[in-house]
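Peer 1: Next comes input.cif, mmCIF, C-alpha atoms:
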```cif
data_entry
#
loop_
_atom_site.label_atom_id
_atom_site.label_comp_id
_atom_site.auth_asym_id
_atom_site.auth_seq_id
_atom_site.Cartn_x
_atom_site.Cartn_y
_atom_site.Cartn_z
CA MET Z 515 67.46 23.55 -26.83
CA ARG Z 516 65.66 22.88 -23.55
CA MET Z 517 63.77 19.61 -23.01
CA LEU Z 518 60.76 19.11 -20.79
CA PHE Z 519 59.14 15.86 -19.70
CA LEU Z 520 55.49 15.36 -18.79
CA ARG Z 521 55.21 12.41 -16.43
CA TRP Z 522 51.62 12.76 -15.26
CA MET Z 523 50.36 10.83 -18.28
CA PRO Z 524 52.80 8.20 -19.60
CA ALA Z 525 51.57 8.73 -23.16
CA VAL Z 526 53.05 12.22 -23.22
CA LEU Z 527 56.75 11.71 -23.73
CA GLY Z 528 58.24 15.17 -23.94
CA LEU Z 529 58.49 18.51 -25.62
CA LEU Z 530 61.09 20.89 -26.97
CA TRP Z 531 61.26 24.65 -27.15
CA LEU Z 532 61.46 25.85 -30.74
CA ALA Z 533 64.17 28.32 -31.58
CA ALA Z 534 63.57 31.96 -32.53
CA THR Z 535 61.22 32.72 -29.66
CA ALA Z 536 60.77 36.47 -29.40
CA ASP Z 537 62.24 38.39 -26.53
CA PRO Z 538 59.31 39.07 -24.14
CA ALA Z 539 60.53 42.64 -23.72
CA ARG Z 540 60.11 43.24 -27.47
CA ALA Z 541 56.79 41.46 -28.01
CA ALA Z 542 54.07 44.05 -27.46
CA LEU Z 543 51.03 41.85 -28.12
CA GLU Z 544 49.22 40.90 -24.91
CA ILE Z 545 45.79 40.87 -23.26
CA ASP Z 546 45.24 42.77 -20.01
CA ILE Z 547 42.70 40.57 -18.23
CA THR Z 548 42.79 42.68 -15.06
CA ARG Z 549 40.43 45.14 -16.78
CA GLY Z 550 36.66 44.61 -16.80
CA ASN Z 551 35.08 43.52 -20.08
CA VAL Z 552 38.04 42.81 -22.39
CA ASP Z 553 37.63 43.11 -26.17
CA PRO Z 554 38.50 39.67 -27.60
CA LEU Z 555 41.83 39.48 -29.44
CA PRO Z 556 41.48 38.56 -33.15
CA ILE Z 557 43.51 35.39 -33.65
CA ALA Z 558 43.93 33.19 -36.74
CA ILE Z 559 44.23 29.43 -36.15
CA PRO Z 560 44.63 27.59 -39.49
CA ASP Z 561 44.60 23.79 -39.62
CA PHE Z 562 47.93 22.31 -38.62
CA HIS Z 563 49.82 20.92 -41.59
CA ALA Z 564 49.39 17.12 -41.61
CA GLY Z 565 52.36 14.99 -42.62
CA ASP Z 566 52.31 11.38 -43.75
CA GLY Z 567 50.14 9.19 -41.55
CA ALA Z 568 48.63 12.11 -39.62
CA GLY Z 569 45.29 12.02 -41.43
CA ASP Z 570 42.88 14.66 -40.12
CA ARG Z 571 44.80 15.28 -36.90
CA GLY Z 572 45.98 18.71 -38.03
CA LYS Z 573 42.41 19.83 -38.58
CA ASP Z 574 41.22 18.17 -35.35
CA MET Z 575 43.87 19.88 -33.22
CA ALA Z 576 43.18 23.31 -34.71
CA GLN Z 577 39.49 22.87 -33.95
CA VAL Z 578 40.13 21.98 -30.31
CA ILE Z 579 42.48 24.94 -29.83
CA THR Z 580 40.00 27.27 -31.55
CA ALA Z 581 37.14 26.09 -29.33
CA ASN Z 582 39.21 26.44 -26.15
CA LEU Z 583 40.32 30.00 -26.88
CA ASP Z 584 36.86 31.03 -28.07
CA ARG Z 585 35.18 29.77 -24.88
CA SER Z 586 37.58 31.81 -22.75
CA GLY Z 587 35.95 34.98 -24.08
CA LEU Z 588 39.38 36.60 -24.47
CA PHE Z 589 39.97 35.59 -28.07
CA GLN Z 590 38.08 36.01 -31.33
CA PRO Z 591 39.09 33.18 -33.68
CA LEU Z 592 38.79 34.39 -37.26
CA ASP Z 593 36.78 32.58 -39.94
CA PRO Z 594 39.13 30.21 -41.84
CA ARG Z 595 37.32 31.10 -45.08
CA ALA Z 596 38.97 34.52 -44.86
CA PHE Z 597 42.52 33.11 -44.73
CA ILE Z 598 44.67 34.07 -47.72
CA GLN Z 599 47.91 32.17 -47.10
CA THR Z 600 47.72 28.40 -47.49
CA VAL Z 601 48.61 25.95 -44.70
CA GLU Z 602 51.43 24.55 -46.85
CA SER Z 603 53.13 27.88 -47.53
CA LEU Z 604 52.69 28.90 -43.88
CA GLN Z 605 55.21 26.21 -42.95
CA ALA Z 606 58.05 28.30 -44.39
CA ARG Z 607 57.10 31.62 -42.82
CA PRO Z 608 53.92 33.67 -42.41
CA ARG Z 609 53.18 36.36 -44.98
CA PHE Z 610 52.27 38.86 -42.29
CA ALA Z 611 50.71 41.31 -44.76
CA ASP Z 612 48.10 38.65 -45.65
CA TRP Z 613 47.17 38.19 -42.00
CA ARG Z 614 47.09 41.93 -41.27
CA LEU Z 615 44.70 42.30 -44.19
CA ILE Z 616 42.07 40.17 -42.37
CA LYS Z 617 42.69 42.03 -39.08
CA ALA Z 618 44.48 39.16 -37.30
CA GLN Z 619 46.69 40.30 -34.43
CA ALA Z 620 47.95 36.84 -33.46
CA LEU Z 621 48.55 33.77 -35.61
CA VAL Z 622 49.03 30.11 -34.72
CA SER Z 623 50.81 27.76 -37.11
CA GLY Z 624 51.46 24.08 -36.60
CA LYS Z 625 52.47 20.75 -38.03
CA VAL Z 626 51.55 17.15 -37.13
CA GLU Z 627 53.40 14.07 -38.32
CA VAL Z 628 53.86 10.43 -37.36
CA GLN Z 629 57.47 9.42 -36.79
CA ALA Z 630 59.10 6.10 -37.69
CA ASP Z 631 58.75 4.86 -34.11
CA GLY Z 632 54.99 5.51 -34.17
CA ARG Z 633 55.06 8.62 -31.99
CA LEU Z 634 53.16 11.72 -32.93
CA ARG Z 635 55.28 14.84 -33.38
CA VAL Z 636 53.33 18.10 -32.96
CA GLU Z 637 54.91 21.48 -33.61
CA PHE Z 638 53.31 24.86 -33.05
CA ARG Z 639 54.33 28.50 -33.21
CA LEU Z 640 52.58 31.63 -31.99
CA TRP Z 641 53.19 34.79 -34.02
CA ASP Z 642 52.68 38.50 -33.32
CA VAL Z 643 51.22 39.57 -36.67
CA LEU Z 644 51.61 43.32 -36.15
CA ALA Z 645 55.26 43.06 -35.08
CA GLY Z 646 56.05 40.22 -37.51
CA GLU Z 647 57.71 38.16 -34.75
CA GLN Z 648 57.46 34.68 -33.26
CA MET Z 649 56.30 34.85 -29.65
CA THR Z 650 56.77 31.22 -28.65
CA GLY Z 651 57.13 27.80 -30.20
CA LEU Z 652 57.16 24.22 -28.96
CA VAL Z 653 57.48 20.67 -30.25
CA TYR Z 654 55.62 17.83 -28.49
CA PHE Z 655 56.12 14.07 -28.75
CA THR Z 656 53.29 11.77 -27.72
CA THR Z 657 51.34 8.66 -28.64
CA PRO Z 658 48.77 9.18 -31.40
CA GLY Z 659 45.83 8.62 -29.04
CA ASN Z 660 46.94 11.52 -26.85
CA TRP Z 661 46.56 14.24 -29.50
CA ARG Z 662 43.64 15.95 -27.76
CA ARG Z 663 45.61 16.54 -24.56
CA ILE Z 664 48.42 18.11 -26.61
CA ALA Z 665 45.84 20.47 -28.16
CA HIS Z 666 44.83 21.52 -24.63
CA VAL Z 667 48.48 22.00 -23.62
CA ILE Z 668 49.04 24.19 -26.69
CA SER Z 669 45.92 26.19 -25.80
CA ASP Z 670 47.36 26.78 -22.34
CA ALA Z 671 50.69 27.91 -23.81
CA ILE Z 672 48.93 30.43 -26.07
CA TYR Z 673 46.73 31.67 -23.24
CA LYS Z 674 49.71 32.14 -20.91
CA ARG Z 675 51.88 33.88 -23.50
CA LEU Z 676 49.18 36.40 -24.41
CA THR Z 677 47.65 37.02 -20.96
CA GLY Z 678 50.52 36.38 -18.54
CA GLU Z 679 48.24 34.01 -16.59
CA GLU Z 680 48.25 30.23 -16.41
CA GLY Z 681 45.74 28.54 -18.70
CA TYR Z 682 43.11 26.04 -17.58
CA PHE Z 683 42.42 23.92 -20.65
CA ASP Z 684 44.52 20.86 -19.72
CA THR Z 685 42.15 20.04 -16.86
CA ARG Z 686 39.24 17.76 -16.05
CA ILE Z 687 35.83 18.15 -14.43
CA VAL Z 688 34.30 15.59 -12.10
CA TYR Z 689 30.58 15.97 -11.42
CA VAL Z 690 27.36 14.19 -10.44
CA ALA Z 691 25.46 12.88 -13.47
CA GLU Z 692 21.71 12.75 -12.82
CA SER Z 693 18.97 10.80 -14.57
CA GLY Z 694 15.49 9.48 -13.90
CA ARG Z 695 12.42 10.94 -12.24
CA ARG Z 696 12.83 13.77 -9.74
CA ASP Z 697 11.51 11.60 -6.91
CA ARG Z 698 13.75 8.63 -7.86
CA ARG Z 699 16.91 10.28 -9.07
CA VAL Z 700 19.89 8.12 -10.11
CA LYS Z 701 23.17 9.90 -9.37
CA ARG Z 702 26.47 8.67 -10.79
CA LEU Z 703 29.95 10.06 -10.58
CA ALA Z 704 31.25 11.18 -13.98
CA ILE Z 705 34.40 12.81 -15.34
CA MET Z 706 35.31 14.63 -18.55
CA ASP Z 707 37.82 17.04 -19.99
CA GLN Z 708 36.99 20.70 -19.31
CA ASP Z 709 35.54 20.95 -22.84
CA GLY Z 710 33.21 17.97 -22.35
CA ALA Z 711 35.34 15.46 -24.29
CA ALA Z 712 36.54 12.07 -22.99
CA HIS Z 713 33.38 11.68 -20.92
CA ARG Z 714 32.99 8.57 -18.77
CA PHE Z 715 31.11 7.39 -15.69
CA LEU Z 716 33.08 6.39 -12.61
CA THR Z 717 30.22 4.77 -10.65
CA ASP Z 718 27.27 2.71 -11.86
CA GLY Z 719 24.43 4.38 -9.95
CA SER Z 720 23.89 1.56 -7.48
CA TYR Z 721 24.39 4.01 -4.64
CA LEU Z 722 23.69 7.71 -4.37
CA VAL Z 723 26.81 9.89 -4.76
CA LEU Z 724 27.21 13.55 -3.81
CA THR Z 725 29.70 16.44 -3.83
CA PRO Z 726 32.91 15.11 -5.42
CA ARG Z 727 36.02 17.19 -4.69
CA PHE Z 728 39.45 17.11 -6.37
CA SER Z 729 42.73 16.85 -4.51
CA PRO Z 730 44.90 19.91 -5.23
CA SER Z 731 48.03 17.79 -5.38
CA ARG Z 732 46.98 14.48 -6.95
CA GLN Z 733 44.61 13.12 -9.61
CA GLU Z 734 42.37 11.94 -6.80
CA ILE Z 735 38.90 12.85 -5.61
CA THR Z 736 36.89 12.47 -2.45
CA TYR Z 737 33.15 12.05 -2.56
CA LEU Z 738 30.18 11.14 -0.39
CA SER Z 739 28.10 8.04 -1.10
CA TYR Z 740 25.14 6.56 0.73
CA TYR Z 741 26.08 2.93 1.16
CA ARG Z 742 23.11 1.04 2.62
CA ASP Z 743 21.63 4.39 3.68
CA THR Z 744 24.77 5.34 5.63
CA PRO Z 745 26.96 8.26 4.49
CA ARG Z 746 30.35 6.90 3.51
CA VAL Z 747 33.30 8.95 2.30
CA TYR Z 748 35.56 7.54 -0.42
CA LEU Z 749 38.93 8.42 -1.94
CA TYR Z 750 39.08 7.58 -5.63
CA ASN Z 751 42.22 7.62 -7.80
CA ILE Z 752 41.00 8.60 -11.26
CA ASP Z 753 43.92 7.21 -13.24
CA THR Z 754 44.17 3.82 -11.51
CA GLY Z 755 40.52 3.37 -10.51
CA ARG Z 756 41.62 2.47 -6.99
CA GLN Z 757 38.97 3.28 -4.39
CA GLU Z 758 39.48 3.59 -0.65
CA VAL Z 759 36.94 4.06 2.13
CA LEU Z 760 37.76 6.93 4.46
CA GLY Z 761 35.02 5.91 6.86
CA ASP Z 762 31.32 5.82 7.65
CA PHE Z 763 29.95 9.12 8.93
CA PRO Z 764 26.31 8.83 10.05
CA GLY Z 765 26.23 12.53 10.92
CA MET Z 766 27.82 13.79 7.69
CA THR Z 767 26.18 16.99 6.44
CA TYR Z 768 28.66 17.99 3.74
CA ALA Z 769 31.34 16.06 1.87
CA PRO Z 770 35.00 16.72 2.65
CA ARG Z 771 37.38 19.04 0.84
CA PHE Z 772 41.13 18.50 0.71
CA SER Z 773 43.71 20.68 2.37
CA PRO Z 774 46.14 22.39 -0.05
CA ASP Z 775 48.83 19.75 0.58
CA GLY Z 776 46.33 16.91 0.11
CA ASN Z 777 47.10 15.42 3.53
CA LYS Z 778 43.86 16.41 5.26
CA VAL Z 779 40.18 16.69 4.51
CA ILE Z 780 37.84 19.11 6.20
CA MET Z 781 34.14 18.38 6.60
CA SER Z 782 30.98 19.14 8.53
CA MET Z 783 29.37 16.48 10.74
CA ALA Z 784 26.35 16.47 13.02
CA ARG Z 785 26.85 14.89 16.42
CA ASP Z 786 24.51 15.11 19.38
CA GLY Z 787 22.24 17.44 17.44
CA LYS Z 788 25.04 19.90 16.63
CA SER Z 789 26.69 20.44 13.24
CA ASN Z 790 30.37 21.39 13.46
CA VAL Z 791 33.49 21.50 11.31
CA TYR Z 792 36.05 18.71 11.63
CA ALA Z 793 39.42 18.00 9.99
CA MET Z 794 40.76 14.49 9.33
CA ASP Z 795 44.43 13.67 8.87
CA LEU Z 796 44.52 11.19 5.95
CA ARG Z 797 47.76 9.62 7.18
CA THR Z 798 46.59 8.82 10.71
CA ARG Z 799 42.78 9.05 10.26
CA ALA Z 800 42.74 11.24 13.39
CA ILE Z 801 39.78 13.65 13.51
CA ASN Z 802 39.96 17.08 15.11
CA ARG Z 803 36.91 19.26 15.82
CA LEU Z 804 37.41 22.90 14.81
CA THR Z 805 34.09 24.55 15.79
CA SER Z 806 31.67 24.02 18.66
CA GLY Z 807 28.31 25.34 19.76
CA PRO Z 808 24.62 25.04 18.86
CA ALA Z 809 24.92 26.67 15.40
CA ILE Z 810 24.94 24.82 12.08
CA ASP Z 811 28.50 25.15 10.74
CA THR Z 812 29.00 23.61 7.31
CA SER Z 813 30.65 23.81 3.83
CA PRO Z 814 34.24 24.40 5.03
CA CYS Z 815 37.05 25.14 2.57
CA TYR Z 816 40.76 25.80 3.18
CA SER Z 817 42.60 28.86 1.90
CA PRO Z 818 45.37 28.06 -0.64
CA ASP Z 819 48.07 28.44 2.02
CA GLY Z 820 46.19 26.16 4.43
CA LYS Z 821 46.23 28.75 7.20
CA GLN Z 822 42.54 29.70 7.15
CA VAL Z 823 39.13 28.13 6.58
CA VAL Z 824 35.99 29.71 5.16
CA PHE Z 825 32.60 28.17 6.05
CA ASN Z 826 28.96 29.11 6.37
CA SER Z 827 27.05 29.21 9.66
CA ASP Z 828 23.75 30.43 11.11
CA ARG Z 829 25.41 31.36 14.40
CA GLY Z 830 24.42 35.01 13.84
CA GLY Z 831 20.77 34.19 13.17
CA SER Z 832 20.96 33.70 9.38
CA GLN Z 833 23.15 31.72 6.99
CA GLN Z 834 26.33 33.76 6.47
CA LEU Z 835 30.02 33.28 5.62
CA TYR Z 836 32.75 33.15 8.25
CA VAL Z 837 36.54 32.80 8.18
CA MET Z 838 38.63 31.22 10.95
CA ASN Z 839 42.19 30.07 11.46
CA ALA Z 840 42.93 26.50 10.45
CA ASP Z 841 42.98 25.47 14.13
CA GLY Z 842 39.47 26.90 14.68
CA GLY Z 843 40.53 30.16 16.32
CA ASP Z 844 39.71 33.79 15.50
CA VAL Z 845 36.29 33.29 13.88
CA ARG Z 846 34.98 36.37 12.07
CA ARG Z 847 32.01 37.02 9.82
CA ILE Z 848 32.74 38.27 6.28
CA SER Z 849 29.33 38.43 4.52
CA PHE Z 850 27.03 41.36 5.25
CA GLY Z 851 24.94 41.74 2.10
CA ASP Z 852 21.20 41.27 1.75
CA GLY Z 853 20.36 37.55 1.64
CA ARG Z 854 21.76 34.19 2.75
CA TYR Z 855 25.19 32.86 1.76
CA ALA Z 856 26.38 29.27 1.25
CA THR Z 857 28.95 26.93 -0.39
CA PRO Z 858 32.02 29.19 -0.05
CA VAL Z 859 35.12 28.18 -2.05
CA TRP Z 860 38.48 29.90 -1.76
CA SER Z 861 40.13 30.91 -5.03
CA PRO Z 862 43.39 29.08 -5.91
CA ARG Z 863 44.98 32.55 -6.11
CA GLY Z 864 43.88 33.33 -2.55
CA ASP Z 865 42.40 36.70 -3.52
CA LEU Z 866 38.68 35.84 -3.61
CA VAL Z 867 36.02 33.61 -2.10
CA ALA Z 868 33.23 32.37 -4.38
CA PHE Z 869 29.80 31.66 -2.93
CA THR Z 870 26.14 30.90 -3.58
CA LYS Z 871 23.74 33.63 -2.51
CA MET Z 872 19.97 33.32 -2.00
CA ARG Z 873 17.70 36.35 -1.94
CA LYS Z 874 13.96 36.73 -2.63
CA GLY Z 875 13.63 33.39 -4.38
CA THR Z 876 16.62 33.94 -6.69
CA PHE Z 877 20.03 32.26 -6.56
CA PHE Z 878 23.29 34.01 -7.40
CA ILE Z 879 26.94 33.06 -7.87
CA GLY Z 880 29.27 35.75 -6.60
CA VAL Z 881 32.72 36.52 -5.26
CA MET Z 882 34.13 38.67 -2.47
CA ARG Z 883 37.53 39.28 -0.96
CA PRO Z 884 38.46 37.13 2.06
CA ASP Z 885 37.77 40.10 4.37
CA GLY Z 886 34.24 40.44 2.94
CA SER Z 887 34.86 43.56 0.85
CA GLY Z 888 34.29 43.93 -2.89
CA GLU Z 889 31.27 41.64 -3.25
CA ARG Z 890 30.33 41.11 -6.91
CA ILE Z 891 27.52 39.04 -8.43
CA LEU Z 892 28.50 37.06 -11.54
CA SER Z 893 25.32 35.10 -12.34
CA GLU Z 894 21.70 34.75 -11.28
CA SER Z 895 18.81 32.43 -12.11
CA PHE Z 896 16.07 30.30 -10.63
CA LEU Z 897 18.79 28.13 -9.07
CA ASP Z 898 22.55 28.64 -9.47
CA GLU Z 899 24.65 26.74 -6.94
CA GLY Z 900 27.92 25.02 -6.09
CA PRO Z 901 30.76 27.12 -7.58
CA THR Z 902 34.15 25.56 -8.30
CA TRP Z 903 37.28 27.41 -9.46
CA ALA Z 904 39.42 26.83 -12.52
CA PRO Z 905 43.02 26.35 -11.33
CA ASN Z 906 44.04 29.80 -12.59
CA GLY Z 907 41.38 31.51 -10.43
CA ARG Z 908 39.86 33.39 -13.39
CA VAL Z 909 36.84 31.20 -14.24
CA LEU Z 910 34.10 29.54 -12.17
CA MET Z 911 31.89 26.58 -12.96
CA PHE Z 912 28.57 25.89 -11.22
CA PHE Z 913 25.30 24.06 -11.82
CA ARG Z 914 22.03 25.65 -12.84
CA GLN Z 915 18.56 24.14 -12.48
CA GLU Z 916 15.68 25.37 -14.59
CA PRO Z 917 12.19 25.68 -13.06
CA ALA Z 918 9.98 22.64 -13.65
CA ARG Z 919 6.84 22.95 -15.74
CA LYS Z 920 3.37 21.84 -14.73
CA GLY Z 921 3.26 18.18 -13.81
CA GLY Z 922 6.88 18.22 -12.72
CA ARG Z 923 8.31 17.96 -16.23
CA GLY Z 924 11.40 19.88 -17.28
CA GLY Z 925 13.63 21.37 -14.63
CA ARG Z 926 16.89 20.45 -16.37
CA THR Z 927 20.09 20.72 -14.37
CA ARG Z 928 23.20 21.67 -16.31
CA LEU Z 929 26.76 22.89 -15.78
CA TRP Z 930 27.68 26.49 -16.61
CA SER Z 931 30.86 28.56 -16.48
CA VAL Z 932 31.39 32.28 -16.00
CA ASP Z 933 34.55 34.37 -15.84
CA LEU Z 934 35.31 37.03 -13.25
CA THR Z 935 33.94 39.78 -15.46
CA GLY Z 936 30.49 38.16 -15.35
CA TYR Z 937 30.09 38.72 -19.09
CA ASN Z 938 31.29 35.38 -20.47
CA GLU Z 939 28.67 32.88 -19.29
CA ARG Z 940 28.46 29.54 -21.15
CA GLU Z 941 26.80 26.15 -20.78
CA ILE Z 942 29.11 23.13 -20.49
CA VAL Z 943 27.49 20.36 -22.53
CA THR Z 944 26.94 17.03 -20.75
CA PRO Z 945 25.06 13.95 -22.02
CA ILE Z 946 22.52 14.06 -19.16
CA ASP Z 947 21.67 16.33 -16.23
CA ALA Z 948 24.69 17.42 -14.20
CA SER Z 949 25.35 18.96 -10.78
CA ASP Z 950 28.08 19.47 -8.17
CA PRO Z 951 31.06 20.10 -10.49
CA ALA Z 952 34.64 20.07 -9.22
CA TRP Z 953 37.53 21.39 -11.32
CA SER Z 954 40.82 19.50 -11.32
CA PRO Z 955 44.19 21.18 -10.78
CA LEU Z 956 46.38 21.70 -13.83
CA SER Z 957 47.98 18.49 -15.00
CA PRO Z 958 51.48 18.61 -13.50
CA LEU Z 959 54.47 19.16 -15.76
CA ASN Z 960 57.82 17.91 -14.49
CA ARG Z 961 60.30 20.41 -15.94
#
```
When written as structure tokens, how does the structure in this file appear?

Peer 2:
Amino acid sequence: MRMLFLRWMPAVLGLLWLAATADPARAALEIDITRGNVDPLPIAIPDFHAGDGAGDRGKDMAQVITANLDRSGLFQPLDPRAFIQTVESLQARPRFADWRLIKAQALVSGKVEVQADGRLRVEFRLWDVLAGEQMTGLVYFTTPGNWRRIAHVISDAIYKRLTGEEGYFDTRIVYVAESGRRDRRVKRLAIMDQDGAAHRFLTDGSYLVLTPRFSPSRQEITYLSYYRDTPRVYLYNIDTGRQEVLGDFPGMTYAPRFSPDGNKVIMSMARDGKSNVYAMDLRTRAINRLTSGPAIDTSPCYSPDGKQVVFNSDRGGSQQLYVMNADGGDVRRISFGDGRYATPVWSPRGDLVAFTKMRKGTFFIGVMRPDGSGERILSESFLDEGPTWAPNGRVLMFFRQEPARKGGRGGRTRLWSVDLTGYNEREIVTPIDASDPAWSPLSPLNR
């Protein structure tokens, strides 16, 4: 039996592979997400069996897993009222004929119990109903308060086993929480799990905050704040609460993004009436200018390998997307569609660049290949802006503002997600208005 340790969060102590995992070559059940609009896979997720001291945790965990898979658009969780086999008898072995009868193709079974040392033991198995085989199974050990994260980890394991792609449920979203009148907006930094749970504010609203960005290698963010009316860039460690000032940047026009290794940030600053792209080494605080000229160059973002940078510029007469080498050389335009382009973000997979597009009073979220080919629009509204990628490169989150009514009322700003098919568009519920989302990397697992 192979043991794995998760050291990112001390409360998660470890997990074990369950025996009898099916040979991947024999298990035929899978979802091909490279096709366009995929028919959701019917999957049954009964409550996990709750042992002594577990209370409602079995039901709670099944609900979280169900909600995660349902939101992905790739799965169709079946109504529990249709289930024939009981949770108790499922612990011995599934009666596959009962599950085939309700058209389930995949089945999740699980068990939650509190051990003598106070730890929570969570077991789950994924079954191929048609083949009558176990596809994967794991046992997790954690503290009782960490049950929700285990539900996300299980969701990722199911997603990966059935799609072949990494999941994105064990992640967090940092964003700007907005409240108050439009002309006196209070903006606070906030963070939550990708499903909206575990919500908390990181700043108190004393100073305006903008454009938070996650480090790809650490649970750390960078964000822009106006301290005494001066743009100041901060590094903030989410788990420890430690905050560090990167510096004051009076000419800052767009908050920094991290390099893939987390050792640099790239940003746009205005100096002497010119807006150019600069990179800062976080170890030495040395700043290197990457672009020059009279154009407005802004919104830079590194490619996943750190060798290239995408940014937007009006150097050609209108706001368009450009790619250059990480040292500023070999600049070439990649956007040639009708309209203006902004806020480019390179996919973690390296295969696409997401962007905001503006045309004839409408805003769009779209993607294109890094060479500019294959442009596709995924969403459109009065105002859609600021895309951020899930770590598996299959889902985008952005913020959407509704038009205000007469007298300035209304005009809500909310977070939305959409997958690469453009069909699965969903609102991400937040307690107040929300903008500028940034998706965390997957929580690291030390295997």

Peer 1: Carefully work through the PyMOL selection byres ((chain Z and resi 795) around 12) for this structure and note down the residues it includes, as a list in words.

Peer 2: Leu760, Pro770, Arg771, Phe772, Ser773, Asp775, Gly776, Asn777, Lys778, Val779, Ile780, Met781, Tyr792, Ala793, Met794, Leu796, Arg797, Thr798, Arg799, Ala800, Ile801, Asn802 and Arg803 of chain Z

Peer 1: For a cutoff of 10 Å around the file-coordinate point (31.8, 20.2, -18.6), which residues qualify once you count all atoms listed in the file? I'd like the result as a PyMOL selection string.

Peer 2: chain Z and resi 686-689+705-711+713+911-912+928-931+941-945+948+951-953

Peer 1: List, as a short mmCIF file (atom, residue, chain, number, x, y, z; two decimals) with C-alpha atoms, in the coordinates of the input, every residue that the PyMOL selection byres ((chain Z and resi 626) around 8) selects in the file provided.

Peer 2:
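Dumped to result_25.cif:
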```
data_model
loop_
_atom_site.label_atom_id
_atom_site.label_comp_id
_atom_site.auth_asym_id
_atom_site.auth_seq_id
_atom_site.Cartn_x
_atom_site.Cartn_y
_atom_site.Cartn_z
CA PHE Z 562 47.93 22.31 -38.62
CA HIS Z 563 49.82 20.92 -41.59
CA ALA Z 564 49.39 17.12 -41.61
CA GLY Z 565 52.36 14.99 -42.62
CA ALA Z 568 48.63 12.11 -39.62
CA ARG Z 571 44.80 15.28 -36.90
CA GLY Z 572 45.98 18.71 -38.03
CA GLY Z 624 51.46 24.08 -36.60
CA LYS Z 625 52.47 20.75 -38.03
CA GLU Z 627 53.40 14.07 -38.32
CA VAL Z 628 53.86 10.43 -37.36
CA LEU Z 634 53.16 11.72 -32.93
CA ARG Z 635 55.28 14.84 -33.38
CA VAL Z 636 53.33 18.10 -32.96
CA GLU Z 637 54.91 21.48 -33.61
#
```

Peer 1: Run through the PyMOL selection byres ((chain Z and resi 598) around 8) on the given coordinates and return the selected residues as a ChimeraX atom specification.

Peer 2: /Z:596-597,599-600,612-613

Peer 1: What is the distance between atom CA of Thr744 of chain Z and atom CA of Pro858 of chain Z, in Å to one decimal?

Peer 2: 25.6 Å

Peer 1: Between Z:Asp844, Z:Glu916, Z:Asp574, Z:Asp566, which one has atoms that come closest to Ala630 of chain Z, using only C-alpha atoms?

Peer 2: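 Checking each of Z:Asp844, Z:Glu916, Z:Asp574, Z:Asp566 against Ala630 of chain Z, counting only C-alpha atoms, the winner is Z:Asp566.
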
Peer 1: Between atom CA of Arg639 of chain Z and atom CA of Gly651 of chain Z, measure the distance and give it in Å to one decimal.

Peer 2: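 A separation of 4.2 Å between them.
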
Peer 1: Have a look at atom CA of Val667 of chain Z and atom CA of Asp684 of chain Z and let me know their distance in Å, one decimal.

Peer 2: 5.7 Å

Peer 1: Around the point (48.8, 21.1, -7.8) (coordinates from the file), which residues reach within 12 Å if we count all atoms listed in the file? Answer as a PDB file with C-alpha atoms, keeping the file's coordinate frame.

Peer 2:
```
ATOM      1  CA  TRP Z 522      51.620  12.760 -15.260  1.00  0.00           C
ATOM      2  CA  THR Z 685      42.150  20.040 -16.860  1.00  0.00           C
ATOM      3  CA  PHE Z 728      39.450  17.110  -6.370  1.00  0.00           C
ATOM      4  CA  SER Z 729      42.730  16.850  -4.510  1.00  0.00           C
ATOM      5  CA  PRO Z 730      44.900  19.910  -5.230  1.00  0.00           C
ATOM      6  CA  SER Z 731      48.030  17.790  -5.380  1.00  0.00           C
ATOM      7  CA  ARG Z 732      46.980  14.480  -6.950  1.00  0.00           C
ATOM      8  CA  GLN Z 733      44.610  13.120  -9.610  1.00  0.00           C
ATOM      9  CA  GLU Z 734      42.370  11.940  -6.800  1.00  0.00           C
ATOM     10  CA  PHE Z 772      41.130  18.500   0.710  1.00  0.00           C
ATOM     11  CA  SER Z 773      43.710  20.680   2.370  1.00  0.00           C
ATOM     12  CA  PRO Z 774      46.140  22.390  -0.050  1.00  0.00           C
ATOM     13  CA  ASP Z 775      48.830  19.750   0.580  1.00  0.00           C
ATOM     14  CA  GLY Z 776      46.330  16.910   0.110  1.00  0.00           C
ATOM     15  CA  PRO Z 818      45.370  28.060  -0.640  1.00  0.00           C
ATOM     16  CA  PRO Z 862      43.390  29.080  -5.910  1.00  0.00           C
ATOM     17  CA  ALA Z 904      39.420  26.830 -12.520  1.00  0.00           C
ATOM     18  CA  PRO Z 905      43.020  26.350 -11.330  1.00  0.00           C
ATOM     19  CA  ASN Z 906      44.040  29.800 -12.590  1.00  0.00           C
ATOM     20  CA  TRP Z 953      37.530  21.390 -11.320  1.00  0.00           C
ATOM     21  CA  SER Z 954      40.820  19.500 -11.320  1.00  0.00           C
ATOM     22  CA  PRO Z 955      44.190  21.180 -10.780  1.00  0.00           C
ATOM     23  CA  LEU Z 956      46.380  21.700 -13.830  1.00  0.00           C
ATOM     24  CA  SER Z 957      47.980  18.490 -15.000  1.00  0.00           C
ATOM     25  CA  PRO Z 958      51.480  18.610 -13.500  1.00  0.00           C
ATOM     26  CA  LEU Z 959      54.470  19.160 -15.760  1.00  0.00           C
ATOM     27  CA  ASN Z 960      57.820  17.910 -14.490  1.00  0.00           C
TER      28      ASN Z 960
END
```

Peer 1: Ile879 of chain Z: which residues within 9 Å, counting all atoms listed in the file, same-chain residues fewer than 4 positions away excluded, as a ChimeraX atom specification?

Peer 2: /Z:868-871,890-894,898-901,912
